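Next comes work.pdb, with PDB, C-alpha atoms.
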```pdb
ATOM      1  CA  MET A   1     105.805 136.538 -41.592
ATOM      2  CA  LEU A   2     104.045 133.869 -39.628
ATOM      3  CA  ALA A   3     103.488 134.596 -35.943
ATOM      4  CA  THR A   4     105.316 131.405 -34.970
ATOM      5  CA  GLU A   5     108.381 132.491 -36.981
ATOM      6  CA  ARG A   6     108.296 135.937 -35.380
ATOM      7  CA  LEU A   7     107.998 134.422 -31.905
ATOM      8  CA  LEU A   8     111.137 132.393 -32.612
ATOM      9  CA  GLU A   9     112.967 135.571 -33.698
ATOM     10  CA  ILE A  10     111.895 137.362 -30.524
ATOM     11  CA  GLU A  11     112.904 134.440 -28.310
ATOM     12  CA  THR A  12     116.307 134.268 -30.000
ATOM     13  CA  SER A  13     116.888 138.025 -29.732
ATOM     14  CA  PHE A  14     115.613 138.703 -26.225
ATOM     15  CA  SER A  15     115.596 135.517 -24.146
ATOM     16  CA  GLU A  16     118.697 136.711 -22.257
ATOM     17  CA  SER A  17     117.115 140.098 -21.505
ATOM     18  CA  VAL A  18     113.677 139.070 -20.286
ATOM     19  CA  ALA A  19     112.473 136.968 -17.383
ATOM     20  CA  ARG A  20     109.638 135.343 -19.321
ATOM     21  CA  ILE A  21     107.866 135.448 -22.692
ATOM     22  CA  VAL A  22     104.164 134.594 -22.652
ATOM     23  CA  PRO A  23     102.416 134.120 -26.011
ATOM     24  CA  MET A  24      98.786 135.272 -25.926
ATOM     25  CA  GLU A  25      97.860 134.788 -29.596
ATOM     26  CA  LEU A  26      99.664 133.197 -32.512
ATOM     27  CA  ASP A  27      97.221 133.275 -35.413
ATOM     28  CA  GLY A  28      98.636 133.241 -38.913
ATOM     29  CA  GLU A  29     100.422 136.559 -39.228
ATOM     30  CA  THR A  30      99.056 138.032 -35.984
ATOM     31  CA  LEU A  31     101.182 137.894 -32.855
ATOM     32  CA  ARG A  32     100.279 138.982 -29.318
ATOM     33  CA  LEU A  33     102.588 138.314 -26.394
ATOM     34  CA  VAL A  34     103.843 139.712 -23.118
ATOM     35  CA  LEU A  35     107.525 140.134 -22.362
ATOM     36  CA  TYR A  36     108.050 140.118 -18.594
ATOM     37  CA  LEU A  37     111.236 142.016 -17.891
ATOM     38  CA  LYS A  38     113.664 141.346 -15.079
ATOM     39  CA  ASP A  39     112.840 144.639 -13.324
ATOM     40  CA  GLY A  40     109.159 143.658 -12.927
ATOM     41  CA  THR A  41     107.865 145.749 -15.822
ATOM     42  CA  ASN A  42     106.263 144.157 -18.870
ATOM     43  CA  LEU A  43     105.953 144.926 -22.556
ATOM     44  CA  ARG A  44     102.682 144.046 -24.292
ATOM     45  CA  VAL A  45     103.446 143.261 -27.933
ATOM     46  CA  THR A  46     100.999 143.064 -30.826
ATOM     47  CA  GLU A  47     102.115 142.763 -34.438
ATOM     48  CA  LEU A  48     100.189 142.142 -37.646
ATOM     49  CA  TRP A  49     102.286 141.069 -40.596
ATOM     50  CA  ALA A  50     101.452 140.928 -44.312
ATOM     51  CA  VAL A  51     104.031 138.474 -45.620
ATOM     52  CA  SER A  52     107.284 140.290 -44.686
ATOM     53  CA  VAL A  53     105.820 143.758 -44.011
ATOM     54  CA  LEU A  54     104.854 144.856 -40.520
ATOM     55  CA  GLU A  55     101.427 146.399 -41.168
ATOM     56  CA  TRP A  56     100.335 147.219 -37.630
ATOM     57  CA  TYR A  57     102.095 147.255 -34.279
ATOM     58  CA  SER A  58     101.484 148.111 -30.667
ATOM     59  CA  TYR A  59     104.147 147.945 -27.943
ATOM     60  CA  TYR A  60     102.975 149.000 -24.492
ATOM     61  CA  TRP A  61     105.517 149.101 -21.677
ATOM     62  CA  LEU A  62     103.850 148.893 -18.288
ATOM     63  CA  THR A  63     105.030 149.231 -14.689
ATOM     64  CA  PRO A  64     104.795 146.276 -12.280
ATOM     65  CA  ALA A  65     101.366 147.721 -11.301
ATOM     66  CA  ASN A  66     100.367 147.706 -15.022
ATOM     67  CA  GLU A  67     100.467 151.492 -15.344
ATOM     68  CA  LEU A  68     101.646 152.984 -18.618
ATOM     69  CA  LYS A  69     105.300 153.933 -18.956
ATOM     70  CA  VAL A  70     105.414 154.284 -22.759
ATOM     71  CA  GLY A  71     103.189 152.909 -25.501
ATOM     72  CA  TRP A  72     104.214 152.888 -29.160
ATOM     73  CA  ASP A  73     101.778 152.205 -31.999
ATOM     74  CA  ASN A  74     100.838 153.119 -35.533
ATOM     75  CA  ALA A  75      97.050 153.404 -35.239
ATOM     76  CA  PRO A  76      96.162 156.077 -37.837
ATOM     77  CA  HIS A  77      94.354 158.549 -35.603
ATOM     78  CA  HIS A  78      96.871 161.243 -34.600
ATOM     79  CA  THR A  79      97.310 163.035 -37.910
ATOM     80  CA  ARG A  80      98.835 166.207 -36.407
ATOM     81  CA  LEU A  81     102.083 164.453 -35.427
ATOM     82  CA  GLU A  82     104.943 164.712 -37.916
ATOM     83  CA  THR A  83     105.641 160.973 -37.671
ATOM     84  CA  TYR A  84     101.992 160.046 -38.403
ATOM     85  CA  PRO A  85     100.865 157.298 -38.086
ATOM     86  CA  HIS A  86     103.776 156.393 -35.788
ATOM     87  CA  HIS A  87     103.467 157.828 -32.289
ATOM     88  CA  LYS A  88     103.940 157.075 -28.624
ATOM     89  CA  HIS A  89     102.015 157.686 -25.422
ATOM     90  CA  VAL A  90     104.355 158.656 -22.569
ATOM     91  CA  GLY A  91     103.148 158.199 -19.002
ATOM     92  CA  ARG A  92      99.501 158.453 -19.983
ATOM     93  CA  LYS A  93      97.389 157.969 -23.130
ATOM     94  CA  GLU A  94      96.853 161.723 -23.557
ATOM     95  CA  ASN A  95     100.580 162.530 -23.664
ATOM     96  CA  LEU A  96     101.203 161.948 -27.373
ATOM     97  CA  GLN A  97     104.632 162.333 -28.907
ATOM     98  CA  PRO A  98     106.162 161.641 -32.306
ATOM     99  CA  SER A  99     107.960 158.326 -32.565
ATOM    100  CA  SER A 100     110.682 157.014 -34.823
ATOM    101  CA  GLU A 101     110.637 153.618 -33.107
ATOM    102  CA  THR A 102     108.549 151.410 -35.382
ATOM    103  CA  ARG A 103     109.816 147.920 -34.605
ATOM    104  CA  LEU A 104     110.116 145.824 -31.479
ATOM    105  CA  GLU A 105     113.892 145.764 -31.794
ATOM    106  CA  GLU A 106     114.031 149.594 -31.612
ATOM    107  CA  VAL A 107     111.605 149.712 -28.688
ATOM    108  CA  MET A 108     113.568 147.084 -26.782
ATOM    109  CA  LYS A 109     116.769 149.159 -27.080
ATOM    110  CA  ILE A 110     114.977 151.949 -25.202
ATOM    111  CA  VAL A 111     113.335 149.626 -22.677
ATOM    112  CA  LEU A 112     116.492 147.677 -21.901
ATOM    113  CA  SER A 113     118.584 150.833 -21.543
ATOM    114  CA  ASP A 114     116.152 152.038 -18.856
ATOM    115  CA  ILE A 115     116.028 148.922 -16.677
TER
END
```

Write the structure described by the file as structure tokens, please.
Amino acid sequence: MLATERLLEIETSFSESVARIVPMELDGETLRLVLYLKDGTNLRVTELWAVSVLEWYSYYWLTPANELKVGWDNAPHHTRLETYPHHKHVGRKENLQPSSETRLEEVMKIVLSDI
């Protein structure tokens, strides 16, 4: 999926729920953006697509002071977790937990239910 197509999907899905969407990088199938939420928090989004398959993702939800609330990603470095490579960092990088949320849409359900 092209980054521009994905940005359009995200805008269509979440424009009502966020205060502002700021694209940082739209390069072929690589997308980086920041979703500024209405409660002052923000979600840093990075996705790398290979045609229609999401190969790599990183969703980091930060407080208004840019401190970590929860960060989801699939970097293949935490092999001991049962959901490897999918995992999340809760409150701090060292607090690793398994994660079944592997798409922005799933992450946003959690984020939006908390704000």

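Closest to A:Val111 among A:Glu94, A:Glu25, A:Asp39, A:Glu16 is A:Asp39, based on all atoms listed in the file.
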
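Taking atom CA of A:Glu11 as the reference point, atom CA of A:Pro85 is found at 27.6 Å.
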
What are the centre and edge lengths in Å, to one decimal, of the axis-aligned box around all listed atoms of stretch 4-16 of chain A with 6 Å added on each side, as JSON?
```
{"center_x": 112.0, "center_y": 135.1, "center_z": -29.6, "size_x": 25.4, "size_y": 19.3, "size_z": 26.7}
```

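One distance worth recording is that between atom CA of A:Trp61 and atom CA of A:Asn42, which is 5.7 Å.
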
Could you list, as a PyMOL selection string, every residue within 12 Å of stretch 12-14 of chain A, counting all atoms listed in the file and ignoring same-chain residues fewer than 4 positions away?
chain A and resi 5-8+18-21+35-38+104-105+107-109+111-112

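Across the model, the gap from atom CA of A:Gly71 to atom CA of A:Lys88 is 5.3 Å.
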
Could you tell me, as a PyMOL selection string, exactly which residues end up selected when the PyMOL selection byres ((chain A and resi 51-53) around 9) is applied to this structure?
chain A and resi 1-2+29+48-50+54-55

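Nearest to A:Glu82 of all the residues A:Gly40, A:Pro64, A:Pro23, A:Pro98 is A:Pro98, based on only C-alpha atoms.
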
Write out as number ranges by chain which residues come within 9 Å of A:Val70 when counting all atoms listed in the file, dropping same-chain ones fewer than 5 positions away.
A: 59-62, 88-93

My list of candidates is A:Glu67, A:His77, A:Ala3, A:His86. Which is closest to A:Val45 when distances are computed with all atoms listed in the file?
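With all atoms listed in the file as the atom set, the closest residue is A:Ala3.
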
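Counting only C-alpha atoms, the residue from A:Thr63, A:Thr46, A:Ser58, A:Ser113 that sits nearest to A:Asp27 is A:Thr46.
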